[in-house]
2 protein chains.
Amino acid sequence: MNDLPEVLDINTIARTRLFHIESVDLMFGNGQYAQFERFMGEGSGSVLVIPMPDPQHLLLLREYAVGYERYELGFVKGRIDPGESPRDAALREMREEIGYAAHEIVELAAVGLTPAYSNYRTMIFLARGLYPDPLSGDEPEPLETMGWPLRQLDQLRGRDDFTDARSLLATYLVDDYVRAEK
Amino acid sequence: MNDLPEVLDINTIARTRLFHIESVDLMFGNGQYAQFERFMGEGSGSVLVIPMPDPQHLLLLREYAVGYERYELGFVKGRIDPGESPRDAALREMREEIGYAAHEIVELAAVGLTPAYSNYRTMIFLARGLYPDPLSGDEPEPLETMGWPLRQLDQLRGRDDFTDARSLLATYLVDDYVRAEK
């Protein structure tokens, strides 16, 4: 197995409100020098929450995605605030985006977006035992929600407006989790 | 359903060798103004390829991931070059990273990294019928490869060094595809 490359230098080469880009000078174990770029998340990463309003349904959001300039279906998502636990962030984002809190929050996975270029991490949660407890968020418009049958996840995965790799992965994780309970 | 917001203005606010960040001024259907940031991929996106050296195994790579400053297991990955088709990019990356080409390349999915913040897209392919056909790439060190049994994907998904959401998703997609053939 290769040894870890030595980090010779790290420099911030761009910083905006949301993004922070670094160049990293590296010396690999074979003596090869390389300079890589990476974008660094501010804070502690993000959460994705799959709300289950009942044992047969997931709750989806329809939200404007500026990367594609179109609406996308997905789950509750948001950043973890400074000092906030991932679980608290999951609850807060649910209250802000769908107006519900949950009695049960289960961690399904912690994933990276693209470890080759970024330190971004997302913790994926399942939320059950929902009850109304709205909190005002910073969304520019109210988010539309849609119940989706757990038995029709294949159709959801085939949709042109359900393309976030984390959301697609989440449908498999929740399916595995619910099956394992039976 | 909400109408698409009107894009009032788009400005490049940072550009590095790999990354390009824009701010986008938007007017939502309800009259609410918002300014979002997004990072834009250069070119046509990227490919992820799952090589199957035989019907019972996947081929993994162990590659340095500068986002986490550690080695990660994953599949063949790379950018689509200008003018190159996704399928050609998949073949080229396989030849560069593992030294094999493939008689059969199947598209499994096209996914986004984070449509809320980026236009990055990855096409996920399955490659079978491998044969040696190496091509010299730009890796700073030779990549280690590892065969992984298709029947032990659960163990792979549970590893601390296999965390890219696209790689995790790919294990489910290949499993679905192979099962559907039976």
# chains A, B, ... in the order shown; residues from 1 in each chain; ligands from 1

$ interface_residues --of "chain A" --to "chain B" --cutoff "8 Å" --atoms "only C-alpha atoms" --output "short mmCIF file (atom, residue, chain, number, x, y, z; two decimals) with N, CA, C and O atoms, in the first residue's frame"
data_model
loop_
_atom_site.label_atom_id
_atom_site.label_comp_id
_atom_site.auth_asym_id
_atom_site.auth_seq_id
_atom_site.Cartn_x
_atom_site.Cartn_y
_atom_site.Cartn_z
N MET A 1 0.84 -1.20 0.00
CA MET A 1 0.00 0.00 0.00
C MET A 1 0.88 1.25 0.00
O MET A 1 1.88 1.33 0.70
N LEU A 4 0.94 7.79 2.64
CA LEU A 4 0.30 9.08 2.38
C LEU A 4 1.32 10.05 1.80
O LEU A 4 2.45 10.12 2.28
N ILE A 13 -6.79 29.96 -2.66
CA ILE A 13 -6.66 30.68 -3.93
C ILE A 13 -7.95 31.37 -4.34
O ILE A 13 -7.94 32.19 -5.25
N ALA A 14 -9.07 31.07 -3.68
CA ALA A 14 -10.30 31.82 -3.93
C ALA A 14 -11.23 31.61 -2.74
O ALA A 14 -11.26 30.53 -2.13
N ARG A 15 -11.98 32.66 -2.42
CA ARG A 15 -12.94 32.55 -1.33
C ARG A 15 -14.16 33.39 -1.67
O ARG A 15 -14.01 34.57 -2.01
N THR A 16 -15.33 32.79 -1.61
CA THR A 16 -16.57 33.53 -1.84
C THR A 16 -17.43 33.31 -0.59
O THR A 16 -16.99 32.71 0.38
N ARG A 17 -18.66 33.80 -0.64
CA ARG A 17 -19.53 33.65 0.52
C ARG A 17 -19.69 32.18 0.90
O ARG A 17 -19.61 31.80 2.06
N LEU A 18 -19.88 31.29 -0.10
CA LEU A 18 -20.14 29.88 0.18
C LEU A 18 -18.94 28.97 -0.02
O LEU A 18 -18.89 27.89 0.55
N VAL A 24 -3.11 22.61 -3.04
CA VAL A 24 -2.34 21.79 -2.10
C VAL A 24 -1.12 21.24 -2.85
O VAL A 24 -1.28 20.58 -3.88
N PHE A 28 4.45 12.84 -3.44
CA PHE A 28 4.03 11.44 -3.29
C PHE A 28 5.21 10.58 -2.87
O PHE A 28 6.38 10.99 -2.99
N ASN A 30 6.65 8.18 -4.13
CA ASN A 30 7.63 7.86 -5.18
C ASN A 30 8.48 9.07 -5.59
O ASN A 30 9.19 9.02 -6.58
N GLN A 32 7.30 11.95 -6.62
CA GLN A 32 6.58 12.76 -7.62
C GLN A 32 5.89 13.94 -6.93
O GLN A 32 5.17 13.75 -5.96
N TYR A 33 6.13 15.15 -7.46
CA TYR A 33 5.47 16.35 -6.94
C TYR A 33 4.16 16.57 -7.69
O TYR A 33 4.05 16.29 -8.87
N ALA A 34 3.13 17.06 -6.99
CA ALA A 34 1.86 17.38 -7.65
C ALA A 34 1.20 18.55 -6.93
O ALA A 34 1.37 18.72 -5.72
N PHE A 36 -2.62 19.91 -6.38
CA PHE A 36 -4.04 19.63 -6.54
C PHE A 36 -4.86 20.82 -6.06
O PHE A 36 -4.42 21.56 -5.19
N GLU A 37 -6.07 20.96 -6.60
CA GLU A 37 -7.00 21.96 -6.06
C GLU A 37 -8.16 21.24 -5.37
O GLU A 37 -8.52 20.13 -5.75
N ARG A 38 -8.72 21.89 -4.37
CA ARG A 38 -9.89 21.31 -3.70
C ARG A 38 -10.79 22.43 -3.21
O ARG A 38 -10.32 23.53 -2.92
N PHE A 39 -12.10 22.19 -3.15
CA PHE A 39 -12.99 23.17 -2.53
C PHE A 39 -13.40 22.65 -1.16
O PHE A 39 -13.68 21.47 -0.98
N MET A 40 -13.34 23.56 -0.21
CA MET A 40 -13.51 23.18 1.19
C MET A 40 -14.84 23.72 1.69
O MET A 40 -15.16 24.89 1.50
N TYR A 64 -35.98 24.61 -6.15
CA TYR A 64 -35.19 25.17 -7.26
C TYR A 64 -33.72 24.85 -7.06
O TYR A 64 -33.16 25.08 -5.99
N ALA A 65 -33.07 24.31 -8.09
CA ALA A 65 -31.66 23.93 -8.04
C ALA A 65 -30.91 24.82 -9.01
O ALA A 65 -30.98 24.64 -10.23
N VAL A 66 -30.17 25.78 -8.46
CA VAL A 66 -29.55 26.79 -9.33
C VAL A 66 -28.43 26.20 -10.19
O VAL A 66 -28.10 26.74 -11.25
N GLY A 67 -27.86 25.06 -9.77
CA GLY A 67 -26.82 24.42 -10.59
C GLY A 67 -27.35 24.02 -11.96
O GLY A 67 -26.66 24.10 -12.97
N TYR A 68 -28.60 23.59 -11.98
CA TYR A 68 -29.22 23.16 -13.25
C TYR A 68 -30.25 24.17 -13.76
O TYR A 68 -30.83 23.96 -14.85
N GLU A 69 -30.52 25.20 -12.99
CA GLU A 69 -31.56 26.19 -13.33
C GLU A 69 -32.90 25.52 -13.62
O GLU A 69 -33.57 25.80 -14.61
N ARG A 70 -33.28 24.59 -12.73
CA ARG A 70 -34.58 23.94 -12.84
C ARG A 70 -34.99 23.41 -11.48
O ARG A 70 -34.18 23.41 -10.54
N TYR A 71 -36.22 22.98 -11.36
CA TYR A 71 -36.66 22.38 -10.11
C TYR A 71 -36.24 20.92 -10.08
O TYR A 71 -36.24 20.23 -11.11
N GLU A 72 -35.84 20.48 -8.88
CA GLU A 72 -35.46 19.07 -8.67
C GLU A 72 -36.26 18.52 -7.48
O GLU A 72 -36.52 19.22 -6.51
N ALA A 110 -22.76 8.32 6.39
CA ALA A 110 -22.04 9.59 6.24
C ALA A 110 -21.26 9.46 4.94
O ALA A 110 -20.46 8.54 4.78
N VAL A 111 -21.53 10.35 4.00
CA VAL A 111 -20.93 10.20 2.66
C VAL A 111 -20.22 11.48 2.24
O VAL A 111 -20.47 12.56 2.77
N GLY A 112 -19.31 11.34 1.28
CA GLY A 112 -18.62 12.47 0.68
C GLY A 112 -19.22 12.78 -0.67
O GLY A 112 -19.83 11.93 -1.31
N LEU A 113 -19.08 14.03 -1.09
CA LEU A 113 -19.57 14.40 -2.42
C LEU A 113 -18.58 13.96 -3.47
O LEU A 113 -18.92 13.38 -4.47
N THR A 114 -17.34 14.30 -3.23
CA THR A 114 -16.29 13.98 -4.17
C THR A 114 -14.96 14.14 -3.43
O THR A 114 -14.32 15.19 -3.50
N PRO A 115 -14.57 13.11 -2.68
CA PRO A 115 -13.38 13.20 -1.83
C PRO A 115 -12.11 13.55 -2.60
O PRO A 115 -11.15 14.06 -2.02
N ALA A 116 -12.11 13.31 -3.92
CA ALA A 116 -10.93 13.64 -4.71
C ALA A 116 -10.77 15.15 -4.87
O ALA A 116 -9.68 15.61 -5.21
N TYR A 117 -11.82 15.93 -4.64
CA TYR A 117 -11.74 17.37 -4.85
C TYR A 117 -12.28 18.19 -3.70
O TYR A 117 -12.29 19.40 -3.79
N SER A 118 -12.79 17.55 -2.66
CA SER A 118 -13.50 18.32 -1.65
C SER A 118 -13.57 17.58 -0.34
O SER A 118 -13.53 16.35 -0.29
N ASN A 119 -13.69 18.34 0.75
CA ASN A 119 -13.92 17.72 2.06
C ASN A 119 -15.40 17.69 2.43
O ASN A 119 -15.75 17.36 3.57
N TYR A 120 -16.28 18.10 1.50
CA TYR A 120 -17.71 18.12 1.80
C TYR A 120 -18.21 16.75 2.27
O TYR A 120 -17.90 15.73 1.65
N PRO A 140 -36.50 31.19 -0.24
CA PRO A 140 -37.10 32.33 -0.94
C PRO A 140 -38.56 32.11 -1.30
O PRO A 140 -39.28 33.07 -1.59
N GLU A 141 -39.02 30.86 -1.31
CA GLU A 141 -40.43 30.58 -1.59
C GLU A 141 -40.81 29.32 -0.83
O GLU A 141 -39.95 28.52 -0.49
N GLU A 144 -42.72 22.97 -2.14
CA GLU A 144 -43.78 21.99 -2.36
C GLU A 144 -43.32 20.62 -1.88
O GLU A 144 -42.18 20.24 -2.10
N THR A 163 -31.96 13.55 -9.51
CA THR A 163 -30.65 13.16 -10.04
C THR A 163 -29.51 13.34 -9.05
O THR A 163 -28.38 12.96 -9.37
N ASP A 164 -29.75 13.92 -7.89
CA ASP A 164 -28.67 14.09 -6.92
C ASP A 164 -28.21 12.71 -6.45
O ASP A 164 -29.01 11.90 -5.96
N ALA A 165 -26.90 12.43 -6.60
CA ALA A 165 -26.37 11.11 -6.25
C ALA A 165 -26.71 10.74 -4.80
O ALA A 165 -27.00 9.58 -4.50
N ARG A 166 -26.69 11.74 -3.90
CA ARG A 166 -27.00 11.45 -2.50
C ARG A 166 -28.46 11.06 -2.31
O ARG A 166 -28.80 10.19 -1.51
N LEU A 168 -30.42 9.67 -4.64
CA LEU A 168 -30.58 8.34 -5.21
C LEU A 168 -30.05 7.29 -4.23
O LEU A 168 -30.71 6.28 -3.96
N LEU A 169 -28.87 7.54 -3.69
CA LEU A 169 -28.31 6.62 -2.69
C LEU A 169 -29.26 6.47 -1.50
O LEU A 169 -29.49 5.36 -1.01
N TYR A 172 -31.91 3.85 -1.70
CA TYR A 172 -31.45 2.47 -1.44
C TYR A 172 -31.22 2.25 0.05
O TYR A 172 -31.55 1.19 0.60
#

$ select_by_dssp --residues "range 27-114 of chain B" --states "strand (DSSP E)" --output "ChimeraX atom specification"
/B:27,33-40,46-51,57-65,70-74,76-79,100-112

$ select_by_dssp --residues "range 3-158 of chain B" --states "helix (DSSP H, G or I)" --output "ChimeraX atom specification"
/B:86-97,150-157

$ residues_around --residues "range 89-102 of chain B" --least-positions-apart "4" --cutoff "12 Å" --atoms "only C-alpha atoms" --output "ChimeraX atom specification"
/B:44-54,59-63,74-85,106-107,122-147

$ atom_distance --atom1 "CA of Ile105 in chain A" --atom2 "CA of Gln152 in chain A"
22.8 Å

$ closest_residue --among "B:Lys182, B:Leu150, B:Leu156, B:Tyr177" --to "Pro55 in chain B" --atoms "only C-alpha atoms"
B:Leu150

$ atom_distance --atom1 "CA of Asp176 in chain A" --atom2 "CA of Leu73 in chain B"
22.2 Å

$ atom_distance --atom1 "CA of Glu42 in chain A" --atom2 "CA of Thr12 in chain A"
13.0 Å
